[in-house]
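Note: the block below is run.cif and it holds mmCIF, C-alpha atoms and all ligand atoms.
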```
data_my_file
#
loop_
_atom_site.group_PDB
_atom_site.id
_atom_site.type_symbol
_atom_site.label_atom_id
_atom_site.label_comp_id
_atom_site.auth_asym_id
_atom_site.auth_seq_id
_atom_site.Cartn_x
_atom_site.Cartn_y
_atom_site.Cartn_z
ATOM 1 C CA MET A 1 -90.169 39.807 94.359
ATOM 2 C CA SER A 2 -86.554 41.027 94.508
ATOM 3 C CA LYS A 3 -85.981 43.394 97.466
ATOM 4 C CA GLY A 4 -82.288 44.239 97.220
ATOM 5 C CA MET A 5 -79.997 45.560 94.512
ATOM 6 C CA HIS A 6 -79.102 43.799 91.310
ATOM 7 C CA ILE A 7 -75.366 43.817 90.577
ATOM 8 C CA SER A 8 -73.478 42.454 87.569
ATOM 9 C CA LEU A 9 -70.048 41.403 88.786
ATOM 10 C CA ARG A 10 -66.997 40.728 86.634
ATOM 11 C CA VAL A 11 -64.481 39.027 88.907
ATOM 12 C CA TRP A 12 -60.894 38.037 88.075
ATOM 13 C CA ARG A 13 -60.579 34.274 88.488
ATOM 14 C CA GLN A 14 -57.155 32.645 88.407
ATOM 15 C CA SER A 15 -56.645 29.176 89.833
ATOM 16 C CA GLY A 16 -52.966 29.632 90.709
ATOM 17 C CA PRO A 17 -49.833 31.749 90.238
ATOM 18 C CA GLU A 18 -48.946 30.240 86.869
ATOM 19 C CA ALA A 19 -52.492 29.779 85.540
ATOM 20 C CA ALA A 20 -54.062 32.101 82.985
ATOM 21 C CA GLY A 21 -56.756 34.276 84.524
ATOM 22 C CA ASP A 22 -59.948 35.759 83.158
ATOM 23 C CA LEU A 23 -62.893 37.921 84.178
ATOM 24 C CA VAL A 24 -65.943 35.810 85.024
ATOM 25 C CA ASN A 25 -69.491 37.219 85.086
ATOM 26 C CA TYR A 26 -71.788 36.757 88.077
ATOM 27 C CA GLU A 27 -75.299 38.191 88.331
ATOM 28 C CA MET A 28 -76.251 39.017 91.910
ATOM 29 C CA ASP A 29 -79.824 39.658 93.108
ATOM 30 C CA ASP A 30 -81.068 40.652 96.547
ATOM 31 C CA VAL A 31 -77.906 42.484 97.577
ATOM 32 C CA SER A 32 -78.567 44.743 100.567
ATOM 33 C CA PRO A 33 -77.371 48.318 99.992
ATOM 34 C CA ASP A 34 -76.266 48.272 103.632
ATOM 35 C CA SER A 35 -73.988 45.271 103.212
ATOM 36 C CA SER A 36 -70.291 45.868 102.888
ATOM 37 C CA PHE A 37 -68.466 45.042 99.669
ATOM 38 C CA LEU A 38 -66.838 42.027 101.317
ATOM 39 C CA GLU A 39 -70.204 40.817 102.667
ATOM 40 C CA MET A 40 -71.472 40.963 99.101
ATOM 41 C CA ILE A 41 -68.560 38.705 98.041
ATOM 42 C CA ASP A 42 -69.347 36.421 101.015
ATOM 43 C CA LEU A 43 -72.923 36.161 99.723
ATOM 44 C CA LEU A 44 -71.693 35.352 96.226
ATOM 45 C CA ASN A 45 -69.345 32.719 97.648
ATOM 46 C CA GLU A 46 -72.194 31.107 99.624
ATOM 47 C CA ARG A 47 -74.234 30.913 96.437
ATOM 48 C CA LEU A 48 -71.277 29.499 94.478
ATOM 49 C CA GLU A 49 -70.620 26.859 97.125
ATOM 50 C CA LYS A 50 -74.295 25.839 97.114
ATOM 51 C CA LYS A 51 -73.943 25.216 93.375
ATOM 52 C CA GLY A 52 -70.762 23.203 93.958
ATOM 53 C CA GLU A 53 -68.537 25.897 92.418
ATOM 54 C CA GLU A 54 -65.196 27.167 93.729
ATOM 55 C CA PRO A 55 -65.618 30.284 95.913
ATOM 56 C CA ILE A 56 -63.647 33.431 95.079
ATOM 57 C CA ALA A 57 -60.390 33.671 97.035
ATOM 58 C CA PHE A 58 -59.845 37.120 98.550
ATOM 59 C CA ASP A 59 -57.832 38.470 101.469
ATOM 60 C CA HIS A 60 -59.527 39.929 104.535
ATOM 61 C CA ASP A 61 -59.035 39.978 108.276
ATOM 62 C CA CYS A 62 -60.166 42.895 110.457
ATOM 63 C CA ARG A 63 -62.938 44.190 108.173
ATOM 64 C CA GLU A 64 -62.633 47.571 109.855
ATOM 65 C CA GLY A 65 -59.900 49.349 107.918
ATOM 66 C CA ILE A 66 -56.987 48.352 110.149
ATOM 67 C CA CYS A 67 -55.142 45.329 108.767
ATOM 68 C CA GLY A 68 -54.697 46.314 105.106
ATOM 69 C CA MET A 69 -55.570 42.840 103.834
ATOM 70 C CA CYS A 70 -58.622 43.561 101.655
ATOM 71 C CA SER A 71 -56.603 44.546 98.604
ATOM 72 C CA MET A 72 -58.536 44.671 95.330
ATOM 73 C CA PHE A 73 -59.309 46.931 92.413
ATOM 74 C CA ILE A 74 -62.995 47.810 92.228
ATOM 75 C CA ASN A 75 -63.928 49.324 88.884
ATOM 76 C CA GLY A 76 -60.300 50.166 88.249
ATOM 77 C CA GLN A 77 -59.741 51.949 91.569
ATOM 78 C CA PRO A 78 -57.806 50.465 94.469
ATOM 79 C CA HIS A 79 -60.396 49.832 97.240
ATOM 80 C CA GLY A 80 -63.194 51.249 95.076
ATOM 81 C CA PRO A 81 -64.761 54.634 94.513
ATOM 82 C CA GLU A 82 -64.891 56.179 98.019
ATOM 83 C CA ARG A 83 -61.940 58.327 99.055
ATOM 84 C CA GLY A 84 -60.102 57.318 102.240
ATOM 85 C CA THR A 85 -61.968 53.998 102.432
ATOM 86 C CA THR A 86 -60.771 50.397 102.401
ATOM 87 C CA ALA A 87 -62.691 47.742 100.442
ATOM 88 C CA CYS A 88 -63.979 46.282 103.723
ATOM 89 C CA GLN A 89 -65.435 49.666 104.749
ATOM 90 C CA LEU A 90 -67.066 50.238 101.372
ATOM 91 C CA HIS A 91 -70.844 49.711 101.285
ATOM 92 C CA MET A 92 -72.997 48.567 98.400
ATOM 93 C CA ARG A 93 -75.021 51.787 98.668
ATOM 94 C CA SER A 94 -72.010 53.464 97.002
ATOM 95 C CA PHE A 95 -73.145 51.790 93.751
ATOM 96 C CA GLU A 96 -76.269 52.225 91.625
ATOM 97 C CA ASP A 97 -78.847 49.460 91.457
ATOM 98 C CA GLY A 98 -77.976 47.512 88.293
ATOM 99 C CA ALA A 99 -74.311 48.551 88.366
ATOM 100 C CA VAL A 100 -71.604 46.582 86.589
ATOM 101 C CA ILE A 101 -68.672 46.134 88.985
ATOM 102 C CA VAL A 102 -65.277 44.811 87.882
ATOM 103 C CA VAL A 103 -63.130 43.303 90.654
ATOM 104 C CA GLU A 104 -59.453 42.529 90.103
ATOM 105 C CA PRO A 105 -56.319 41.834 92.151
ATOM 106 C CA TRP A 106 -53.435 44.279 92.514
ATOM 107 C CA ARG A 107 -51.295 44.354 89.382
ATOM 108 C CA ALA A 108 -47.580 44.727 90.180
ATOM 109 C CA ARG A 109 -44.494 42.579 89.596
ATOM 110 C CA ALA A 110 -43.641 42.763 93.299
ATOM 111 C CA PHE A 111 -47.163 41.524 94.239
ATOM 112 C CA PRO A 112 -47.540 38.237 92.302
ATOM 113 C CA ILE A 113 -51.034 36.777 92.151
ATOM 114 C CA ILE A 114 -51.519 33.665 94.288
ATOM 115 C CA LYS A 115 -55.161 32.965 93.433
ATOM 116 C CA ASP A 116 -58.132 35.035 92.201
ATOM 117 C CA LEU A 117 -57.918 38.328 94.155
ATOM 118 C CA VAL A 118 -55.144 37.222 96.531
ATOM 119 C CA THR A 119 -51.658 38.585 95.929
ATOM 120 C CA ASP A 120 -48.388 37.887 97.702
ATOM 121 C CA ARG A 121 -47.418 41.123 99.463
ATOM 122 C CA SER A 122 -44.527 39.652 101.458
ATOM 123 C CA SER A 123 -42.235 42.083 99.587
ATOM 124 C CA PHE A 124 -43.591 44.736 102.004
ATOM 125 C CA ASP A 125 -42.584 42.533 104.957
ATOM 126 C CA ARG A 126 -39.058 42.262 103.583
ATOM 127 C CA ILE A 127 -38.824 46.051 103.211
ATOM 128 C CA ILE A 128 -39.859 46.395 106.874
ATOM 129 C CA GLU A 129 -37.334 43.725 107.899
ATOM 130 C CA SER A 130 -34.584 45.739 106.195
ATOM 131 C CA GLY A 131 -35.042 48.726 108.523
ATOM 132 C CA GLY A 132 -38.619 49.490 109.587
ATOM 133 C CA PHE A 133 -37.948 49.107 113.297
ATOM 134 C CA ILE A 134 -36.103 50.685 116.227
ATOM 135 C CA SER A 135 -33.459 48.457 117.790
ATOM 136 C CA VAL A 136 -31.927 50.960 120.237
ATOM 137 C CA LYS A 137 -33.045 50.830 123.864
ATOM 138 C CA THR A 138 -36.098 53.067 124.177
ATOM 139 C CA GLY A 139 -37.209 52.288 127.739
ATOM 140 C CA ASN A 140 -40.820 51.832 128.773
ATOM 141 C CA ALA A 141 -43.916 53.913 128.024
ATOM 142 C CA PRO A 142 -43.287 56.385 130.903
ATOM 143 C CA ASP A 143 -39.784 57.075 129.489
ATOM 144 C CA ALA A 144 -41.273 57.876 126.081
ATOM 145 C CA ASN A 145 -43.832 60.188 127.678
ATOM 146 C CA ALA A 146 -41.086 62.039 129.542
ATOM 147 C CA MET A 147 -39.300 62.868 126.293
ATOM 148 C CA PRO A 148 -40.296 66.260 124.835
ATOM 149 C CA ILE A 149 -41.264 66.014 121.156
ATOM 150 C CA PRO A 150 -42.322 69.032 119.063
ATOM 151 C CA LYS A 151 -46.083 68.813 118.495
ATOM 152 C CA ALA A 152 -45.715 69.192 114.717
ATOM 153 C CA ASP A 153 -43.284 66.240 114.559
ATOM 154 C CA ALA A 154 -45.483 64.082 116.780
ATOM 155 C CA GLU A 155 -48.497 64.789 114.562
ATOM 156 C CA LYS A 156 -46.627 64.055 111.325
ATOM 157 C CA ALA A 157 -45.263 60.805 112.800
ATOM 158 C CA PHE A 158 -48.751 59.857 113.965
ATOM 159 C CA ASP A 159 -50.275 60.559 110.534
ATOM 160 C CA ALA A 160 -47.575 58.454 108.842
ATOM 161 C CA ALA A 161 -48.163 55.611 111.307
ATOM 162 C CA ALA A 162 -51.719 55.319 109.954
ATOM 163 C CA CYS A 163 -50.327 53.377 106.949
ATOM 164 C CA ILE A 164 -51.857 49.891 107.004
ATOM 165 C CA GLY A 165 -49.536 48.359 104.388
ATOM 166 C CA CYS A 166 -52.376 47.601 101.983
ATOM 167 C CA GLY A 167 -50.403 48.244 98.790
ATOM 168 C CA ALA A 168 -52.999 50.496 97.131
ATOM 169 C CA CYS A 169 -50.266 53.076 96.529
ATOM 170 C CA VAL A 170 -48.312 50.533 94.483
ATOM 171 C CA ALA A 171 -51.422 49.399 92.607
ATOM 172 C CA ALA A 172 -52.354 52.994 91.753
ATOM 173 C CA CYS A 173 -48.867 53.958 90.545
ATOM 174 C CA LYS A 174 -48.045 53.544 86.848
ATOM 175 C CA ASN A 175 -44.477 52.659 87.916
ATOM 176 C CA ALA A 176 -45.642 50.293 90.687
ATOM 177 C CA SER A 177 -43.544 52.313 93.126
ATOM 178 C CA ALA A 178 -43.893 51.657 96.855
ATOM 179 C CA MET A 179 -42.418 55.007 97.861
ATOM 180 C CA LEU A 180 -45.539 56.203 99.701
ATOM 181 C CA PHE A 181 -45.569 53.071 101.849
ATOM 182 C CA LEU A 182 -41.815 53.214 102.445
ATOM 183 C CA SER A 183 -41.810 56.931 103.220
ATOM 184 C CA ALA A 184 -44.678 56.517 105.686
ATOM 185 C CA LYS A 185 -42.723 53.853 107.570
ATOM 186 C CA VAL A 186 -39.553 55.987 107.544
ATOM 187 C CA SER A 187 -41.441 59.089 108.734
ATOM 188 C CA HIS A 188 -43.304 57.426 111.546
ATOM 189 C CA LEU A 189 -40.047 56.186 113.048
ATOM 190 C CA GLY A 190 -37.553 58.834 111.912
ATOM 191 C CA LEU A 191 -39.468 61.901 113.089
ATOM 192 C CA LEU A 192 -39.317 60.717 116.692
ATOM 193 C CA PRO A 193 -36.128 61.013 118.774
ATOM 194 C CA GLN A 194 -36.035 57.258 119.419
ATOM 195 C CA GLY A 195 -35.982 56.585 115.676
ATOM 196 C CA LYS A 196 -33.390 59.177 114.682
ATOM 197 C CA VAL A 197 -30.387 57.144 115.902
ATOM 198 C CA GLU A 198 -30.730 54.578 113.108
ATOM 199 C CA GLY A 199 -32.334 57.018 110.659
ATOM 200 C CA ASP A 200 -29.687 57.144 107.911
ATOM 201 C CA ARG A 201 -29.119 53.402 107.862
ATOM 202 C CA ARG A 202 -32.885 52.808 107.828
ATOM 203 C CA VAL A 203 -33.406 55.025 104.780
ATOM 204 C CA LEU A 204 -30.545 53.490 102.782
ATOM 205 C CA ASN A 205 -31.434 49.891 103.642
ATOM 206 C CA MET A 206 -35.165 50.250 103.054
ATOM 207 C CA LEU A 207 -34.649 51.956 99.696
ATOM 208 C CA GLU A 208 -32.251 49.220 98.644
ATOM 209 C CA ALA A 209 -34.827 46.581 99.644
ATOM 210 C CA HIS A 210 -37.542 48.502 97.757
ATOM 211 C CA ASP A 211 -35.555 48.362 94.513
ATOM 212 C CA ARG A 212 -34.463 44.756 95.059
ATOM 213 C CA GLU A 213 -38.093 43.662 95.397
ATOM 214 C CA GLY A 214 -38.881 45.046 91.937
ATOM 215 C CA PHE A 215 -40.900 48.150 92.824
ATOM 216 C CA GLY A 216 -40.531 51.011 90.358
ATOM 217 C CA ALA A 217 -39.193 54.527 90.755
ATOM 218 C CA CYS A 218 -41.348 57.419 91.944
ATOM 219 C CA THR A 219 -42.079 60.041 89.283
ATOM 220 C CA ASN A 220 -44.298 62.219 91.500
ATOM 221 C CA THR A 221 -47.639 61.551 89.807
ATOM 222 C CA GLY A 222 -49.468 61.699 93.155
ATOM 223 C CA ALA A 223 -51.710 58.733 92.232
ATOM 224 C CA CYS A 224 -50.584 56.989 95.428
ATOM 225 C CA GLU A 225 -51.846 59.745 97.732
ATOM 226 C CA ALA A 226 -55.139 60.002 95.819
ATOM 227 C CA GLU A 227 -55.865 56.281 96.242
ATOM 228 C CA CYS A 228 -54.424 55.694 99.715
ATOM 229 C CA PRO A 229 -57.274 54.644 102.042
ATOM 230 C CA LYS A 230 -55.447 56.299 104.944
ATOM 231 C CA GLU A 231 -54.724 59.481 102.960
ATOM 232 C CA ILE A 232 -50.990 59.329 103.617
ATOM 233 C CA SER A 233 -49.414 62.483 102.192
ATOM 234 C CA VAL A 234 -46.753 62.570 99.467
ATOM 235 C CA GLU A 235 -44.965 65.044 101.772
ATOM 236 C CA ASN A 236 -43.530 61.882 103.300
ATOM 237 C CA ILE A 237 -41.881 61.018 99.967
ATOM 238 C CA ALA A 238 -40.335 64.502 99.759
ATOM 239 C CA ARG A 239 -39.028 64.098 103.331
ATOM 240 C CA LEU A 240 -37.625 60.664 102.445
ATOM 241 C CA ASN A 241 -35.863 62.036 99.361
ATOM 242 C CA ARG A 242 -34.230 64.810 101.428
ATOM 243 C CA HIS A 243 -33.157 62.270 104.019
ATOM 244 C CA TRP A 244 -31.795 59.909 101.340
ATOM 245 C CA LEU A 245 -29.695 62.734 99.854
ATOM 246 C CA LYS A 246 -28.225 63.552 103.258
ATOM 247 C CA ALA A 247 -27.644 59.896 104.202
ATOM 248 C CA ASN A 248 -26.039 59.168 100.840
ATOM 249 C CA LEU A 249 -23.624 62.099 101.111
ATOM 250 C CA LEU A 250 -22.632 61.064 104.624
ATOM 251 C CA SER A 251 -22.124 57.426 103.659
ATOM 252 C CA ASP A 252 -19.521 58.306 100.955
HETATM 253 S S1 LIG B 301 -49.292 54.372 102.057
HETATM 254 FE FE1 LIG B 301 -51.545 54.158 101.984
HETATM 255 S S2 LIG B 301 -51.931 52.958 100.139
HETATM 256 FE FE2 LIG B 301 -49.767 52.681 100.638
HETATM 257 S S3 LIG B 301 -49.657 50.829 101.898
HETATM 258 FE FE3 LIG B 301 -49.851 52.588 103.316
HETATM 259 S S4 LIG B 301 -52.067 52.785 103.676
HETATM 260 FE FE4 LIG B 301 -51.854 51.503 101.851
HETATM 261 S S1 LIG B 302 -60.020 43.655 106.023
HETATM 262 FE FE1 LIG B 302 -58.621 44.758 107.319
HETATM 263 S S2 LIG B 302 -58.416 46.683 106.302
HETATM 264 FE FE2 LIG B 302 -59.943 45.648 105.139
#
```

What is this structure when it is put down as structure tokens?
Amino acid sequence: MSKGMHISLRVWRQSGPEAAGDLVNYEMDDVSPDSSFLEMIDLLNERLEKKGEEPIAFDHDCREGICGMCSMFINGQPHGPERGTTACQLHMRSFEDGAVIVVEPWRARAFPIIKDLVTDRSSFDRIIESGGFISVKTGNAPDANAMPIPKADAEKAFDAAACIGCGACVAACKNASAMLFLSAKVSHLGLLPQGKVEGDRRVLNMLEAHDREGFGACTNTGACEAECPKEISVENIARLNRHWLKANLLSD
């Protein structure tokens, strides 16, 4: 007798970057409602391997909402139906017994599909390389602690630093804009005194890299904030736009 849930999965299978992909049906029995979404895919992969079939390729690392690797659409929503939750923190009890669940990779020109659910998100790394760092001498931890920082700024910087670089904001955006990601990185550095020195250059260089990588323009739909598993606020985008205006005027 079946004890767990029955799930009908429709998973995007694509053997390589240039191959045509398609949704493939898998019927899953005995799925524990307490298993995580990724554990459910592990179980499916075990069953596929036992039958001599190719397991589903998907990205994952920490499985605790920290690394940002577990990027996938679940029923059309980045990271699935729970707000503020990564796919690895999602549990099967969030779905009805007998549910049909469609799983797909991120869809964006700047995130090409490598295989199945795995996309190449190195465009984010290149945006960070263009300015998402502090290269001035900042001293050691005690020096940082000795520097007075307004509480409101410290809190905003801390909230922005929660961005895990998962790309859900891009996937959710009809323009495939990465402005929420970019603005979070700019805020978490630029709101602190150590990050202000290179602030203008950082904003200009990171925005240039954003456009070069093929991300779209922000049209303020707010879809990014709604789907961000770390609930990064679009206030960061407004702050970035103000900073860009100032930096652009000064650079002329
Ligand atoms: S802003 Fe949110 S959705 Fe975008 S990369 Fe960062 S954590 Fe992911
Ligand atoms: S596997 Fe690290 S955030 Fe999901």

For the PyMOL selection byres (((not hetatm)) within 10 of (chain B and resi 301)), applied here, can you spell out every residue it catches as a short mmCIF file (atom, residue, chain, number, x, y, z; two decimals) with C-alpha atoms, in the frame of the given file?
```cif
data_model
loop_
_atom_site.label_atom_id
_atom_site.label_comp_id
_atom_site.auth_asym_id
_atom_site.auth_seq_id
_atom_site.Cartn_x
_atom_site.Cartn_y
_atom_site.Cartn_z
CA GLY A 65 -59.90 49.35 107.92
CA ILE A 66 -56.99 48.35 110.15
CA CYS A 67 -55.14 45.33 108.77
CA GLY A 68 -54.70 46.31 105.11
CA MET A 69 -55.57 42.84 103.83
CA SER A 71 -56.60 44.55 98.60
CA PRO A 78 -57.81 50.46 94.47
CA HIS A 79 -60.40 49.83 97.24
CA GLY A 84 -60.10 57.32 102.24
CA THR A 86 -60.77 50.40 102.40
CA PHE A 124 -43.59 44.74 102.00
CA ALA A 160 -47.58 58.45 108.84
CA ALA A 161 -48.16 55.61 111.31
CA ALA A 162 -51.72 55.32 109.95
CA CYS A 163 -50.33 53.38 106.95
CA ILE A 164 -51.86 49.89 107.00
CA GLY A 165 -49.54 48.36 104.39
CA CYS A 166 -52.38 47.60 101.98
CA GLY A 167 -50.40 48.24 98.79
CA ALA A 168 -53.00 50.50 97.13
CA CYS A 169 -50.27 53.08 96.53
CA VAL A 170 -48.31 50.53 94.48
CA ALA A 171 -51.42 49.40 92.61
CA ALA A 172 -52.35 52.99 91.75
CA SER A 177 -43.54 52.31 93.13
CA ALA A 178 -43.89 51.66 96.86
CA MET A 179 -42.42 55.01 97.86
CA LEU A 180 -45.54 56.20 99.70
CA PHE A 181 -45.57 53.07 101.85
CA LEU A 182 -41.82 53.21 102.44
CA SER A 183 -41.81 56.93 103.22
CA ALA A 184 -44.68 56.52 105.69
CA LYS A 185 -42.72 53.85 107.57
CA ALA A 223 -51.71 58.73 92.23
CA CYS A 224 -50.58 56.99 95.43
CA GLU A 225 -51.85 59.74 97.73
CA ALA A 226 -55.14 60.00 95.82
CA GLU A 227 -55.86 56.28 96.24
CA CYS A 228 -54.42 55.69 99.72
CA PRO A 229 -57.27 54.64 102.04
CA LYS A 230 -55.45 56.30 104.94
CA GLU A 231 -54.72 59.48 102.96
CA ILE A 232 -50.99 59.33 103.62
CA SER A 233 -49.41 62.48 102.19
CA VAL A 234 -46.75 62.57 99.47
CA ASN A 236 -43.53 61.88 103.30
#
```

Distance in Å - atom CA of Asn220 of chain A versus atom CA of Thr119 of chain A: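 A separation of 25.1 Å between them.
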
For the structure provided, state which residues fall under the PyMOL selection byres (((chain A and resi 102-109) around 9) and not hetatm), and present them as a ChimeraX atom specification. /A:8-13,23,58,71-76,78,100-101,110-113,116-119,167-168,170-172,175-176,213-215

Those residues you just picked out, can you put them in a file as a short mmCIF file (atom, residue, chain, number, x, y, z; two decimals), in the frame of the given file with C-alpha atoms?
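Saved the output as selection.cif:
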```cif
data_model
loop_
_atom_site.label_atom_id
_atom_site.label_comp_id
_atom_site.auth_asym_id
_atom_site.auth_seq_id
_atom_site.Cartn_x
_atom_site.Cartn_y
_atom_site.Cartn_z
CA SER A 8 -73.48 42.45 87.57
CA LEU A 9 -70.05 41.40 88.79
CA ARG A 10 -67.00 40.73 86.63
CA VAL A 11 -64.48 39.03 88.91
CA TRP A 12 -60.89 38.04 88.08
CA ARG A 13 -60.58 34.27 88.49
CA LEU A 23 -62.89 37.92 84.18
CA PHE A 58 -59.84 37.12 98.55
CA SER A 71 -56.60 44.55 98.60
CA MET A 72 -58.54 44.67 95.33
CA PHE A 73 -59.31 46.93 92.41
CA ILE A 74 -63.00 47.81 92.23
CA ASN A 75 -63.93 49.32 88.88
CA GLY A 76 -60.30 50.17 88.25
CA PRO A 78 -57.81 50.46 94.47
CA VAL A 100 -71.60 46.58 86.59
CA ILE A 101 -68.67 46.13 88.98
CA ALA A 110 -43.64 42.76 93.30
CA PHE A 111 -47.16 41.52 94.24
CA PRO A 112 -47.54 38.24 92.30
CA ILE A 113 -51.03 36.78 92.15
CA ASP A 116 -58.13 35.03 92.20
CA LEU A 117 -57.92 38.33 94.16
CA VAL A 118 -55.14 37.22 96.53
CA THR A 119 -51.66 38.58 95.93
CA GLY A 167 -50.40 48.24 98.79
CA ALA A 168 -53.00 50.50 97.13
CA VAL A 170 -48.31 50.53 94.48
CA ALA A 171 -51.42 49.40 92.61
CA ALA A 172 -52.35 52.99 91.75
CA ASN A 175 -44.48 52.66 87.92
CA ALA A 176 -45.64 50.29 90.69
CA GLU A 213 -38.09 43.66 95.40
CA GLY A 214 -38.88 45.05 91.94
CA PHE A 215 -40.90 48.15 92.82
#
```

Which neighbours of Gly190 of chain A fall inside 12 Å, counting all atoms listed in the file, when residues of the same chain fewer than 4 positions from it are skipped, and could you give them as JSON, numbers by chain? {"A": [131, 132, 133, 134, 153, 154, 156, 157, 158, 160, 161, 182, 183, 184, 185, 186, 194, 195, 196, 197, 198, 199, 200, 201, 202, 203, 236, 239, 240, 243]}

For the atom pair atom CA of Gly98 of chain A and atom CA of His6 of chain A, what is the interatomic distance in Å to one decimal place? 4.9 Å

Rounded to one decimal in Å, what is the spacing between atom CA of Val31 of chain A and atom CA of Glu54 of chain A?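 These two atoms are separated by 20.3 Å.
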
With a distance cut-off of 8 Å and all atoms listed in the file, select the neighbouring residues of segment 36-45 of chain A, excluding the residue or stretch itself and same-chain residues fewer than 3 positions from it, and output the selection as an mmCIF file with C-alpha atoms, in the coordinates of the input.
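For reference, part_24.cif as written:
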```cif
data_model
loop_
_atom_site.group_PDB
_atom_site.id
_atom_site.type_symbol
_atom_site.label_atom_id
_atom_site.label_comp_id
_atom_site.auth_asym_id
_atom_site.auth_seq_id
_atom_site.Cartn_x
_atom_site.Cartn_y
_atom_site.Cartn_z
ATOM 1 C CA MET A 28 -76.251 39.017 91.910
ATOM 2 C CA VAL A 31 -77.906 42.484 97.577
ATOM 3 C CA LEU A 48 -71.277 29.499 94.478
ATOM 4 C CA GLU A 49 -70.620 26.859 97.125
ATOM 5 C CA GLU A 54 -65.196 27.167 93.729
ATOM 6 C CA PRO A 55 -65.618 30.284 95.913
ATOM 7 C CA ILE A 56 -63.647 33.431 95.079
ATOM 8 C CA ALA A 87 -62.691 47.742 100.442
ATOM 9 C CA CYS A 88 -63.979 46.282 103.723
ATOM 10 C CA GLN A 89 -65.435 49.666 104.749
ATOM 11 C CA LEU A 90 -67.066 50.238 101.372
ATOM 12 C CA HIS A 91 -70.844 49.711 101.285
ATOM 13 C CA MET A 92 -72.997 48.567 98.400
#
```

Using all atoms listed in the file, the best pick from A:Gly216, A:Gly80, A:Gly222, A:Pro193 as closest to ligand LIG 302 (chain B) would be A:Gly80

Pick out the residues sitting within 9 Å of Pro17 of chain A, and hand them over as number ranges by chain; count all atoms listed in the file, and ignore anything fewer than 2 positions along from it in its own chain. A: 14-15, 19-20, 112-115

Assuming 6 Å of padding per side, give the centre and edge lengths of the axis-aligned box around every listed atom of segment 217-226 of chain A, in Å to one decimal and as AutoDock Vina command-line options.
```
--center_x -47.2 --center_y 58.4 --center_z 93.5 --size_x 27.9 --size_y 19.7 --size_z 20.4
```

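Restricting the calculation to only C-alpha atoms, the smallest distance between Glu235 of chain A and any of A:Pro81, A:Asn205, A:Ala217, A:Asp159 is found for A:Asp159.
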
List the residues sitting within 8 Å of (-83.1, 36.4, 96.7) in the file's frame, using all atoms listed in the file, as an NGL selection string. :A and (2-4 or 29-30)

Using only C-alpha atoms and all ligand atoms, which of the listed residues (A:Glu96, A:Asp34, A:Asp120, A:Asp61) sits closest to ligand LIG 302 (chain B)?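 Going through A:Glu96, A:Asp34, A:Asp120, A:Asp61 one by one, the smallest distance to ligand LIG 302 (chain B) is for A:Asp61.
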
Could you add whatever atoms are missing so that segment 243-251 of chain A carries N, CA, C and O atoms, then write the result as a PDB file, in the frame of the given file?
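The resulting file, result.pdb, is shown below:
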```pdb
ATOM      1  N   HIS A 243     -33.931  63.083 103.077  1.00  0.00           N
ATOM      2  CA  HIS A 243     -33.157  62.270 104.019  1.00  0.00           C
ATOM      3  C   HIS A 243     -32.175  61.368 103.259  1.00  0.00           C
ATOM      4  O   HIS A 243     -31.026  61.203 103.660  1.00  0.00           O
ATOM      5  N   TRP A 244     -32.658  60.798 102.135  1.00  0.00           N
ATOM      6  CA  TRP A 244     -31.795  59.909 101.340  1.00  0.00           C
ATOM      7  C   TRP A 244     -30.567  60.672 100.844  1.00  0.00           C
ATOM      8  O   TRP A 244     -29.442  60.171 100.909  1.00  0.00           O
ATOM      9  N   LEU A 245     -30.790  61.920 100.366  1.00  0.00           N
ATOM     10  CA  LEU A 245     -29.695  62.734  99.854  1.00  0.00           C
ATOM     11  C   LEU A 245     -28.649  62.946 100.942  1.00  0.00           C
ATOM     12  O   LEU A 245     -27.448  62.760 100.732  1.00  0.00           O
ATOM     13  N   LYS A 246     -29.135  63.292 102.132  1.00  0.00           N
ATOM     14  CA  LYS A 246     -28.225  63.552 103.258  1.00  0.00           C
ATOM     15  C   LYS A 246     -27.496  62.252 103.651  1.00  0.00           C
ATOM     16  O   LYS A 246     -26.282  62.236 103.801  1.00  0.00           O
ATOM     17  N   ALA A 247     -28.238  61.175 103.771  1.00  0.00           N
ATOM     18  CA  ALA A 247     -27.644  59.896 104.202  1.00  0.00           C
ATOM     19  C   ALA A 247     -26.631  59.397 103.175  1.00  0.00           C
ATOM     20  O   ALA A 247     -25.581  58.866 103.527  1.00  0.00           O
ATOM     21  N   ASN A 248     -26.925  59.612 101.901  1.00  0.00           N
ATOM     22  CA  ASN A 248     -26.039  59.168 100.840  1.00  0.00           C
ATOM     23  C   ASN A 248     -24.729  59.958 100.841  1.00  0.00           C
ATOM     24  O   ASN A 248     -23.647  59.398 100.678  1.00  0.00           O
ATOM     25  N   LEU A 249     -24.826  61.262 101.059  1.00  0.00           N
ATOM     26  CA  LEU A 249     -23.624  62.099 101.111  1.00  0.00           C
ATOM     27  C   LEU A 249     -22.740  61.691 102.273  1.00  0.00           C
ATOM     28  O   LEU A 249     -21.529  61.578 102.153  1.00  0.00           O
ATOM     29  N   LEU A 250     -23.400  61.416 103.420  1.00  0.00           N
ATOM     30  CA  LEU A 250     -22.632  61.064 104.624  1.00  0.00           C
ATOM     31  C   LEU A 250     -21.992  59.701 104.505  1.00  0.00           C
ATOM     32  O   LEU A 250     -20.971  59.415 105.112  1.00  0.00           O
ATOM     33  N   SER A 251     -22.644  58.804 103.711  1.00  0.00           N
ATOM     34  CA  SER A 251     -22.124  57.426 103.659  1.00  0.00           C
ATOM     35  C   SER A 251     -20.901  57.321 102.724  1.00  0.00           C
ATOM     36  O   SER A 251     -20.222  56.326 102.723  1.00  0.00           O
TER      37      SER A 251
END
```
